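Accompanying notes for the structure given below.
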Amino acid sequence: MSYINLKYKPDKNDLICLFRVEPNKISIKKAAEHVAAESSIGTWTHVKTMKPRIKKLGAKVFEIKGNYIKVAYSLDLFEPGNIPQILSSIAGNIFGMKAVNNLRLEDINWPDKLIKSFKGPLYGIKGVRKLLKIPKRPLCGTIIKPKLGLNEKEHAKIAYEAWIGGIDIVKDDENLSDLRFNRFEKRVVETLKMRDKAERKTGERKVYMPNITAETNEMLSRAEFVREQNGRYVMVDIVTVGWSGLQTLKDVNDYLKLVLHAHRSGHATFTRNKKHGVSMVVVGDIARLIGLDQLHIGTIIGKMKGVKSEILTTQEEIEKRIIKEHIHSLEEDWLHIKPIFAVCSGGLHPGLVPYLVKNLGNDIIIQAGGGILGHRLGTRAGARAMRQAIDATLNNFSLKEYSKTHKELKVALQQWL
Ligand code: CAP
Ligand code: MG
């Protein structure tokens with residue numbers, strides 16, 4: 001049987017994958033055949049147990065353009081609502097095949113019936129803006145640093161300083177969980193106490209995002225604890241927790257009704273290499289389908305590696321309803337699945353706000369750890385400088401001009417620009 005059918009017109013119920021393929025001493029057509037076979041019903045040789053009705057289920061390579069191939073998969077190959085099963089097909093064995101030197105899953109176009117088997121975000125951009133009463137401007141956040149080592153009270157105190165300075169969101173770092181010197185429950189209680197005090201003082205809504213990343217049942221009970229303590233948000237390391245644990249958290253969160261922040265720690269193990277692995281665009285698809293409300297997408301300009309075109313495509317993929325086809329991504333209609341908030345984080349400071357807003361717009365959450373807690377005048381001043389940079393940018397002032405009358409911003413620009 002052949003998995004190549006360049007005349008095939010995909011059915012609206014087909015799932016479509018865009019792959020970049022580097023064949024290993026065979027033709028691109030032959031390599032494409034291996035990809036389609038191994039990711040659907042086939043293996044390295046013809047099997048006697050194959051049946052005509054099963055052959056029809058085979059994936060179809062319907063377009064080959066240079067190193068890029070499009071493959072259509074029948075809906076019957078997938079279990080609705082089951083991300084681990086879907087990925088074990090289209091993002092499973094194929095990456096290990098000798099038939100290819102490199103293989104990258106660039107994007108997925110999801111059929112309506114599969115999209116309808118997911119709930120998507122509870123809040124998304126609109127819900128988060130409503131919750132924080134911030135209708136238009138970028139949100140700003142900080143990450144408690146040093147990442148590890150502080151005790152609960154020290155952690156809560158730094159959070160308070162950041163909130164009083166004007167920061168909206170304070171989050172745990174991706175590797176802070178329930179540690180000997182900083183216990184999860186005590187940290188949550190101490191920091192939410194400071195949140196309430198900062199809200200009374202500033203009159204603004206403030207957010208604390210405790211990191212609940214842990215074994216699934218433990219993660220669920222930490223989420224419940226946050227809800228009991230009147231927390232509104234949790235953060236989770238989506239890659240290290242795994243898609244199955246994430247779907248369980250999502251289901252339980254339907255009654256906890258917390259905002260779910262997705263940290264992507266570990267994503268670069270498979271997204272960084274532009275020739276091999278899975279793109280951040282695909283991670284964005286999955287996070288949106290499963291129903292996270294916020295997702296790190298990169299900064300273009302900060303300390304983490306990230307190609308501008310892929311970061312912009314990922315932002316479009318998670319924030320828009322109707323997605324047009326681009327050179328390395330597919331069209332999409334996200335139906336009822338709400339847009340999720342893009343998070344820009346990693347090596348950011350107030351001096352980079354104009355660049356971020358110019359390139360990524362206002363629907364972003366700007367998060368800076370070192371860029372706020374490293375301010376020469378301290379945390380509160382660092383927070384003020386970040387808010388001042390956002391205010392200046394939204395009112396079309398240059399930072400240089402605005403810093404003449406805003407001391408904290410002036411110091412930040414001297415320090416980091
Ligand atoms: C940023 C950060 C975030 C990264 C994640 C860090 O701190 O807390 O985890 O931004 O990367 O630990 O590095 P700084 P990404 O603000 O001090 O750099 O957003 O690319 O997933
Ligand atoms: Mg971090």
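Residue numbering restarts at 1 for every chain of the structure tokens, chains are lettered A, B, ... in their displayed order, and ligands are numbered from 1 as they appear.
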What are the nearest atom pairs, with distances in Å to one decimal, for all residues of chain A that come at most 7 Å from ligand 2, using only C-alpha atoms and all ligand atoms, set out by chain and rising residue number as a tab-separated table?
```
residue	atom	partner	partner_atom_place_in_ligand_line	distance
A:Ile143	CA	ligand 2	1 (Mg)	6.8
A:Lys147	CA	ligand 2	1 (Mg)	7.0
A:Asp173	CA	ligand 2	1 (Mg)	4.4
A:Glu174	CA	ligand 2	1 (Mg)	5.0
```
Could you list, with a cut-off of 10 Å and counting only C-alpha atoms and all ligand atoms, the residues of chain A near ligand 1, each shown with its nearest atom pair and the distance in Å rounded to one decimal, rows sorted by chain and ascending number, as a Markdown table?
```
| residue | atom | partner | partner_atom_place_in_ligand_line | distance |
| --- | --- | --- | --- | --- |
| A:Gly141 | CA | ligand 1 | 16 (O) | 9.4 |
| A:Thr142 | CA | ligand 1 | 16 (O) | 7.2 |
| A:Ile143 | CA | ligand 1 | 8 (O) | 5.6 |
| A:Ile144 | CA | ligand 1 | 8 (O) | 8.0 |
| A:Lys145 | CA | ligand 1 | 17 (O) | 7.3 |
| A:Pro146 | CA | ligand 1 | 17 (O) | 8.8 |
| A:Lys147 | CA | ligand 1 | 12 (O) | 6.9 |
| A:Lys171 | CA | ligand 1 | 8 (O) | 8.6 |
| A:Asp172 | CA | ligand 1 | 8 (O) | 8.2 |
| A:Asp173 | CA | ligand 1 | 8 (O) | 5.4 |
| A:Glu174 | CA | ligand 1 | 9 (O) | 5.8 |
| A:Asn175 | CA | ligand 1 | 12 (O) | 8.4 |
| A:Asp237 | CA | ligand 1 | 21 (O) | 9.7 |
| A:Ala262 | CA | ligand 1 | 21 (O) | 9.2 |
| A:His263 | CA | ligand 1 | 21 (O) | 6.2 |
| A:Arg264 | CA | ligand 1 | 21 (O) | 5.1 |
| A:Ser265 | CA | ligand 1 | 21 (O) | 5.7 |
| A:Gly266 | CA | ligand 1 | 21 (O) | 8.1 |
| A:His267 | CA | ligand 1 | 21 (O) | 7.5 |
| A:Ala268 | CA | ligand 1 | 21 (O) | 8.4 |
| A:Leu295 | CA | ligand 1 | 19 (O) | 8.5 |
| A:His296 | CA | ligand 1 | 19 (O) | 4.8 |
| A:Ile297 | CA | ligand 1 | 19 (O) | 6.2 |
| A:Gly298 | CA | ligand 1 | 20 (O) | 4.6 |
| A:Thr299 | CA | ligand 1 | 20 (O) | 7.2 |
| A:Ile300 | CA | ligand 1 | 20 (O) | 9.4 |
| A:Gly302 | CA | ligand 1 | 18 (O) | 7.8 |
| A:Lys303 | CA | ligand 1 | 18 (O) | 6.6 |
| A:Met304 | CA | ligand 1 | 20 (O) | 5.3 |
| A:Lys305 | CA | ligand 1 | 20 (O) | 7.5 |
| A:Gly306 | CA | ligand 1 | 20 (O) | 7.9 |
| A:Ala342 | CA | ligand 1 | 19 (O) | 9.9 |
| A:Val343 | CA | ligand 1 | 19 (O) | 6.9 |
| A:Cys344 | CA | ligand 1 | 19 (O) | 5.9 |
| A:Ser345 | CA | ligand 1 | 10 (O) | 3.9 |
| A:Gly346 | CA | ligand 1 | 10 (O) | 3.2 |
| A:Gly347 | CA | ligand 1 | 18 (O) | 3.7 |
| A:Leu348 | CA | ligand 1 | 16 (O) | 5.5 |
| A:His349 | CA | ligand 1 | 16 (O) | 7.6 |
| A:Ile366 | CA | ligand 1 | 16 (O) | 9.3 |
| A:Gln367 | CA | ligand 1 | 16 (O) | 6.2 |
| A:Ala368 | CA | ligand 1 | 16 (O) | 3.7 |
| A:Gly369 | CA | ligand 1 | 16 (O) | 3.6 |
| A:Gly370 | CA | ligand 1 | 17 (O) | 3.7 |
| A:Gly371 | CA | ligand 1 | 16 (O) | 5.9 |
| A:Ile372 | CA | ligand 1 | 16 (O) | 7.9 |
| A:Leu373 | CA | ligand 1 | 17 (O) | 8.2 |
| A:Gly374 | CA | ligand 1 | 17 (O) | 8.6 |
```
May I have the selected residues written with N, CA and C atoms, as a short mmCIF file (atom, residue, chain, number, x, y, z; two decimals), in the first residue's frame?
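After the write, result13.cif holds the following:
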```cif
data_model
loop_
_atom_site.label_atom_id
_atom_site.label_comp_id
_atom_site.auth_asym_id
_atom_site.auth_seq_id
_atom_site.Cartn_x
_atom_site.Cartn_y
_atom_site.Cartn_z
N GLY A 141 4.26 41.34 35.60
CA GLY A 141 4.47 40.37 36.67
C GLY A 141 5.94 40.25 37.04
N THR A 142 6.18 39.66 38.21
CA THR A 142 7.55 39.36 38.59
C THR A 142 7.64 37.95 39.12
N ILE A 143 8.86 37.45 39.21
CA ILE A 143 9.13 36.10 39.69
C ILE A 143 10.03 36.23 40.90
N ILE A 144 9.66 35.63 42.00
CA ILE A 144 10.46 35.77 43.21
C ILE A 144 11.85 35.16 42.99
N LYS A 145 12.88 35.96 43.21
CA LYS A 145 14.27 35.54 43.07
C LYS A 145 15.02 35.85 44.37
N PRO A 146 16.03 35.10 44.74
CA PRO A 146 16.54 33.94 44.03
C PRO A 146 15.49 32.84 43.92
N LYS A 147 15.63 32.06 42.83
CA LYS A 147 14.63 31.02 42.54
C LYS A 147 14.33 30.17 43.77
N LYS A 171 4.80 35.50 40.84
CA LYS A 171 4.73 34.04 40.72
C LYS A 171 5.95 33.36 41.34
N ASP A 172 5.72 32.10 41.72
CA ASP A 172 6.85 31.28 42.16
C ASP A 172 7.71 30.99 40.93
N ASP A 173 8.95 30.60 41.13
CA ASP A 173 9.78 30.20 39.99
C ASP A 173 9.44 28.75 39.63
N GLU A 174 9.85 28.34 38.44
CA GLU A 174 9.43 27.04 37.90
C GLU A 174 9.93 25.87 38.73
N ASN A 175 10.97 26.05 39.56
CA ASN A 175 11.49 24.91 40.33
C ASN A 175 11.21 25.02 41.83
N ASP A 237 4.18 23.64 35.58
CA ASP A 237 5.17 23.38 34.53
C ASP A 237 4.59 22.33 33.60
N ALA A 262 0.56 28.54 32.49
CA ALA A 262 1.44 27.48 31.97
C ALA A 262 2.87 27.96 31.84
N HIS A 263 3.76 27.43 32.70
CA HIS A 263 5.18 27.63 32.48
C HIS A 263 5.63 26.49 31.58
N ARG A 264 6.58 26.73 30.70
CA ARG A 264 6.96 25.70 29.70
C ARG A 264 8.36 25.16 29.95
N SER A 265 8.83 25.26 31.19
CA SER A 265 10.17 24.78 31.53
C SER A 265 10.44 23.40 30.91
N GLY A 266 11.57 23.30 30.12
CA GLY A 266 11.88 22.02 29.48
C GLY A 266 11.45 21.96 28.03
N HIS A 267 10.67 22.97 27.58
CA HIS A 267 10.17 22.92 26.19
C HIS A 267 11.31 22.91 25.18
N ALA A 268 12.40 23.61 25.52
CA ALA A 268 13.48 23.77 24.54
C ALA A 268 14.19 22.45 24.22
N LEU A 295 0.21 31.33 28.73
CA LEU A 295 1.32 30.48 28.29
C LEU A 295 2.53 31.30 27.90
N HIS A 296 3.70 30.88 28.41
CA HIS A 296 4.96 31.52 28.01
C HIS A 296 5.23 31.26 26.52
N ILE A 297 5.54 32.32 25.77
CA ILE A 297 5.81 32.13 24.33
C ILE A 297 7.19 32.65 23.92
N GLY A 298 7.89 33.34 24.83
CA GLY A 298 9.18 33.91 24.45
C GLY A 298 9.10 35.42 24.36
N THR A 299 10.26 36.06 24.10
CA THR A 299 10.33 37.52 24.12
C THR A 299 10.99 38.11 22.87
N ILE A 300 11.56 37.31 22.02
CA ILE A 300 12.37 37.76 20.87
C ILE A 300 13.65 38.45 21.34
N GLY A 302 14.80 38.92 24.75
CA GLY A 302 15.33 38.62 26.09
C GLY A 302 16.44 37.59 26.11
N LYS A 303 16.59 36.89 27.26
CA LYS A 303 17.74 36.00 27.44
C LYS A 303 17.54 34.62 26.84
N MET A 304 16.28 34.28 26.51
CA MET A 304 16.04 32.92 26.00
C MET A 304 16.03 32.91 24.47
N LYS A 305 16.51 31.80 23.90
CA LYS A 305 16.54 31.63 22.45
C LYS A 305 15.10 31.57 21.94
N GLY A 306 14.85 32.25 20.79
CA GLY A 306 13.49 32.18 20.22
C GLY A 306 13.47 32.96 18.92
N ALA A 342 -0.67 35.47 26.13
CA ALA A 342 0.75 35.20 25.87
C ALA A 342 1.60 35.82 26.97
N VAL A 343 2.57 35.07 27.46
CA VAL A 343 3.46 35.54 28.52
C VAL A 343 4.86 35.72 27.94
N CYS A 344 5.41 36.94 28.13
CA CYS A 344 6.77 37.23 27.70
C CYS A 344 7.64 37.31 28.94
N SER A 345 8.67 36.47 28.99
CA SER A 345 9.47 36.37 30.21
C SER A 345 10.87 35.90 29.87
N GLY A 346 11.88 36.32 30.69
CA GLY A 346 13.23 35.84 30.47
C GLY A 346 14.16 36.96 30.06
N GLY A 347 14.88 37.54 31.08
CA GLY A 347 15.85 38.59 30.76
C GLY A 347 15.20 39.92 30.43
N LEU A 348 13.95 40.13 30.87
CA LEU A 348 13.26 41.39 30.55
C LEU A 348 13.50 42.44 31.63
N HIS A 349 13.41 43.69 31.24
CA HIS A 349 13.49 44.81 32.18
C HIS A 349 12.69 45.97 31.58
N ILE A 366 3.93 40.84 30.73
CA ILE A 366 5.38 41.07 30.77
C ILE A 366 5.88 40.66 32.14
N GLN A 367 6.71 39.63 32.19
CA GLN A 367 7.21 39.14 33.47
C GLN A 367 8.70 39.35 33.58
N ALA A 368 9.11 39.95 34.67
CA ALA A 368 10.54 40.20 34.87
C ALA A 368 10.91 39.86 36.30
N GLY A 369 11.90 38.97 36.45
CA GLY A 369 12.41 38.66 37.79
C GLY A 369 13.60 39.56 38.06
N GLY A 370 14.72 39.24 37.42
CA GLY A 370 15.92 40.06 37.59
C GLY A 370 15.68 41.51 37.22
N GLY A 371 14.84 41.74 36.19
CA GLY A 371 14.59 43.10 35.69
C GLY A 371 13.76 43.96 36.63
N ILE A 372 13.29 43.38 37.73
CA ILE A 372 12.57 44.15 38.77
C ILE A 372 13.31 44.01 40.10
N LEU A 373 13.60 42.76 40.49
CA LEU A 373 14.24 42.55 41.79
C LEU A 373 15.70 42.95 41.77
N GLY A 374 16.25 43.19 40.56
CA GLY A 374 17.64 43.61 40.44
C GLY A 374 17.79 45.12 40.38
#
```
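Residues surrounding A:Asp112 within 8 Å are A:Lys12, A:Asn13, A:Leu335 [only C-alpha atoms; sequence separation below 6 positions excluded].
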Using N, CA and C atoms, can you write the selected residues to a file as a tab-separated table (two decimals), in the first residue's frame?
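See selection_23.tsv below for the written result:
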```tsv
chain	number	residue	atom	x	y	z
A	12	LYS	N	-12.95	17.45	5.71
A	12	LYS	CA	-13.00	18.42	6.82
A	12	LYS	C	-12.83	17.73	8.17
A	13	ASN	N	-13.01	16.43	8.19
A	13	ASN	CA	-12.81	15.69	9.44
A	13	ASN	C	-11.40	15.16	9.60
A	335	LEU	N	-13.00	27.80	16.88
A	335	LEU	CA	-14.38	27.61	17.34
A	335	LEU	C	-14.61	28.21	18.75
```
Nearest candidate to A:Ile323 (options A:Trp110, A:Phe78, A:Tyr3, A:Phe181; using only C-alpha atoms): A:Trp110
Residue list (alpha helix (DSSP H), DSSP) for stretch 155-213 of chain A, as a PyMOL selection string: chain A and resi 155-165+184-202
For those residues, write N, CA, C and O atoms to a file as a short mmCIF file (atom, residue, chain, number, x, y, z; two decimals), in the first residue's frame.
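The file below, selection00.cif, is the result:
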```
data_model
loop_
_atom_site.label_atom_id
_atom_site.label_comp_id
_atom_site.auth_asym_id
_atom_site.auth_seq_id
_atom_site.Cartn_x
_atom_site.Cartn_y
_atom_site.Cartn_z
N HIS A 155 9.83 35.32 51.16
CA HIS A 155 9.14 35.24 49.87
C HIS A 155 7.95 36.20 49.84
O HIS A 155 7.79 37.01 48.93
N ALA A 156 7.13 36.13 50.88
CA ALA A 156 5.90 36.93 50.94
C ALA A 156 6.23 38.43 51.02
O ALA A 156 5.54 39.26 50.40
N LYS A 157 7.31 38.75 51.72
CA LYS A 157 7.70 40.16 51.88
C LYS A 157 8.11 40.76 50.52
O LYS A 157 7.70 41.87 50.17
N ILE A 158 8.88 40.00 49.76
CA ILE A 158 9.31 40.48 48.44
C ILE A 158 8.08 40.67 47.55
O ILE A 158 7.95 41.67 46.83
N ALA A 159 7.15 39.73 47.63
CA ALA A 159 5.91 39.83 46.84
C ALA A 159 5.19 41.12 47.18
O ALA A 159 4.75 41.86 46.29
N TYR A 160 5.09 41.41 48.48
CA TYR A 160 4.39 42.63 48.93
C TYR A 160 5.05 43.87 48.34
O TYR A 160 4.38 44.75 47.79
N GLU A 161 6.36 43.93 48.39
CA GLU A 161 7.09 45.08 47.85
C GLU A 161 6.78 45.26 46.35
O GLU A 161 6.56 46.37 45.87
N ALA A 162 6.74 44.16 45.62
CA ALA A 162 6.48 44.23 44.17
C ALA A 162 5.06 44.72 43.91
O ALA A 162 4.83 45.59 43.08
N TRP A 163 4.10 44.21 44.67
CA TRP A 163 2.71 44.63 44.47
C TRP A 163 2.53 46.10 44.80
O TRP A 163 1.89 46.84 44.08
N ILE A 164 3.12 46.54 45.92
CA ILE A 164 2.98 47.94 46.32
C ILE A 164 3.59 48.85 45.26
O ILE A 164 3.08 49.93 44.96
N GLY A 165 4.65 48.38 44.61
CA GLY A 165 5.31 49.17 43.56
C GLY A 165 4.49 49.23 42.27
O GLY A 165 4.80 50.00 41.37
N PHE A 184 5.22 24.60 50.86
CA PHE A 184 4.18 25.08 49.95
C PHE A 184 3.02 25.75 50.69
O PHE A 184 2.67 26.91 50.41
N GLU A 185 2.43 25.04 51.64
CA GLU A 185 1.21 25.57 52.28
C GLU A 185 1.51 26.85 53.06
O GLU A 185 0.78 27.85 52.95
N LYS A 186 2.61 26.84 53.80
CA LYS A 186 2.95 28.04 54.59
C LYS A 186 3.25 29.21 53.65
O LYS A 186 2.81 30.34 53.88
N ARG A 187 3.92 28.93 52.55
CA ARG A 187 4.23 29.99 51.59
C ARG A 187 2.94 30.60 51.01
O ARG A 187 2.82 31.83 50.89
N VAL A 188 2.00 29.72 50.66
CA VAL A 188 0.73 30.21 50.10
C VAL A 188 0.00 31.09 51.12
O VAL A 188 -0.46 32.19 50.78
N VAL A 189 -0.08 30.63 52.35
CA VAL A 189 -0.80 31.39 53.39
C VAL A 189 -0.13 32.75 53.61
O VAL A 189 -0.78 33.80 53.57
N GLU A 190 1.21 32.74 53.76
CA GLU A 190 1.93 33.99 54.03
C GLU A 190 1.80 34.97 52.85
O GLU A 190 1.56 36.17 53.03
N THR A 191 1.93 34.45 51.63
CA THR A 191 1.94 35.34 50.46
C THR A 191 0.55 35.86 50.13
O THR A 191 0.39 37.03 49.76
N LEU A 192 -0.50 35.04 50.33
CA LEU A 192 -1.86 35.54 50.09
C LEU A 192 -2.25 36.58 51.13
O LEU A 192 -2.99 37.53 50.84
N LYS A 193 -1.72 36.44 52.34
CA LYS A 193 -1.95 37.46 53.39
C LYS A 193 -1.38 38.79 52.89
O LYS A 193 -2.03 39.83 52.95
N MET A 194 -0.17 38.74 52.31
CA MET A 194 0.46 39.96 51.80
C MET A 194 -0.29 40.49 50.58
O MET A 194 -0.37 41.69 50.35
N ARG A 195 -0.85 39.57 49.77
CA ARG A 195 -1.64 40.00 48.62
C ARG A 195 -2.83 40.84 49.07
O ARG A 195 -3.10 41.93 48.55
N ASP A 196 -3.54 40.31 50.07
CA ASP A 196 -4.72 41.03 50.57
C ASP A 196 -4.33 42.41 51.11
O ASP A 196 -5.01 43.41 50.84
N LYS A 197 -3.20 42.46 51.82
CA LYS A 197 -2.74 43.74 52.40
C LYS A 197 -2.41 44.72 51.26
O LYS A 197 -2.80 45.88 51.28
N ALA A 198 -1.76 44.22 50.21
CA ALA A 198 -1.38 45.07 49.06
C ALA A 198 -2.63 45.54 48.31
O ALA A 198 -2.69 46.68 47.84
N GLU A 199 -3.64 44.70 48.22
CA GLU A 199 -4.89 45.09 47.54
C GLU A 199 -5.57 46.22 48.33
O GLU A 199 -6.04 47.19 47.74
N ARG A 200 -5.59 46.07 49.65
CA ARG A 200 -6.22 47.12 50.49
C ARG A 200 -5.44 48.43 50.31
O ARG A 200 -6.02 49.50 50.14
N LYS A 201 -4.12 48.33 50.26
CA LYS A 201 -3.26 49.52 50.19
C LYS A 201 -3.34 50.22 48.84
O LYS A 201 -3.35 51.44 48.74
N THR A 202 -3.40 49.42 47.76
CA THR A 202 -3.32 50.02 46.42
C THR A 202 -4.69 50.18 45.77
O THR A 202 -4.83 50.94 44.81
#
```
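Interatomic distance, atom CA of A:Glu215 to atom CA of A:Asp293: 21.1 Å.
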A:Gln85 surroundings by only C-alpha atoms, 12 Å radius, close-in-sequence under 6 positions cut, as a PyMOL selection string: chain A and resi 39-40+77-79+91-92+243-244
Separation of atom CA of A:Lys250 from atom CA of A:Leu15 in Å: 23.4 Å
Quick one: residues within 10 Å of A:Glu325, only C-alpha atoms, excluding same-chain residues fewer than 6 positions away - as a short mmCIF file (atom, residue, chain, number, x, y, z; two decimals) with N, CA and C atoms, in the first residue's frame?
```cif
data_model
loop_
_atom_site.label_atom_id
_atom_site.label_comp_id
_atom_site.auth_asym_id
_atom_site.auth_seq_id
_atom_site.Cartn_x
_atom_site.Cartn_y
_atom_site.Cartn_z
N ASN A 109 -3.45 21.13 12.00
CA ASN A 109 -4.80 21.69 11.78
C ASN A 109 -5.77 20.66 12.34
N GLU A 331 -3.64 26.86 8.65
CA GLU A 331 -4.82 27.64 9.04
C GLU A 331 -5.54 26.93 10.18
N GLU A 332 -6.38 27.69 10.89
CA GLU A 332 -7.16 27.08 11.96
C GLU A 332 -8.37 27.94 12.28
#
```
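Closest to A:Ala99 among A:Ala223, A:Val21, A:Val252, A:Ala383 is A:Val21, based on only C-alpha atoms.
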In stretch 156-300 of chain A, DSSP strand (DSSP E) residues written as a PyMOL selection string: chain A and resi 169-171+207-209+233-237+259-263+277-278+294-296
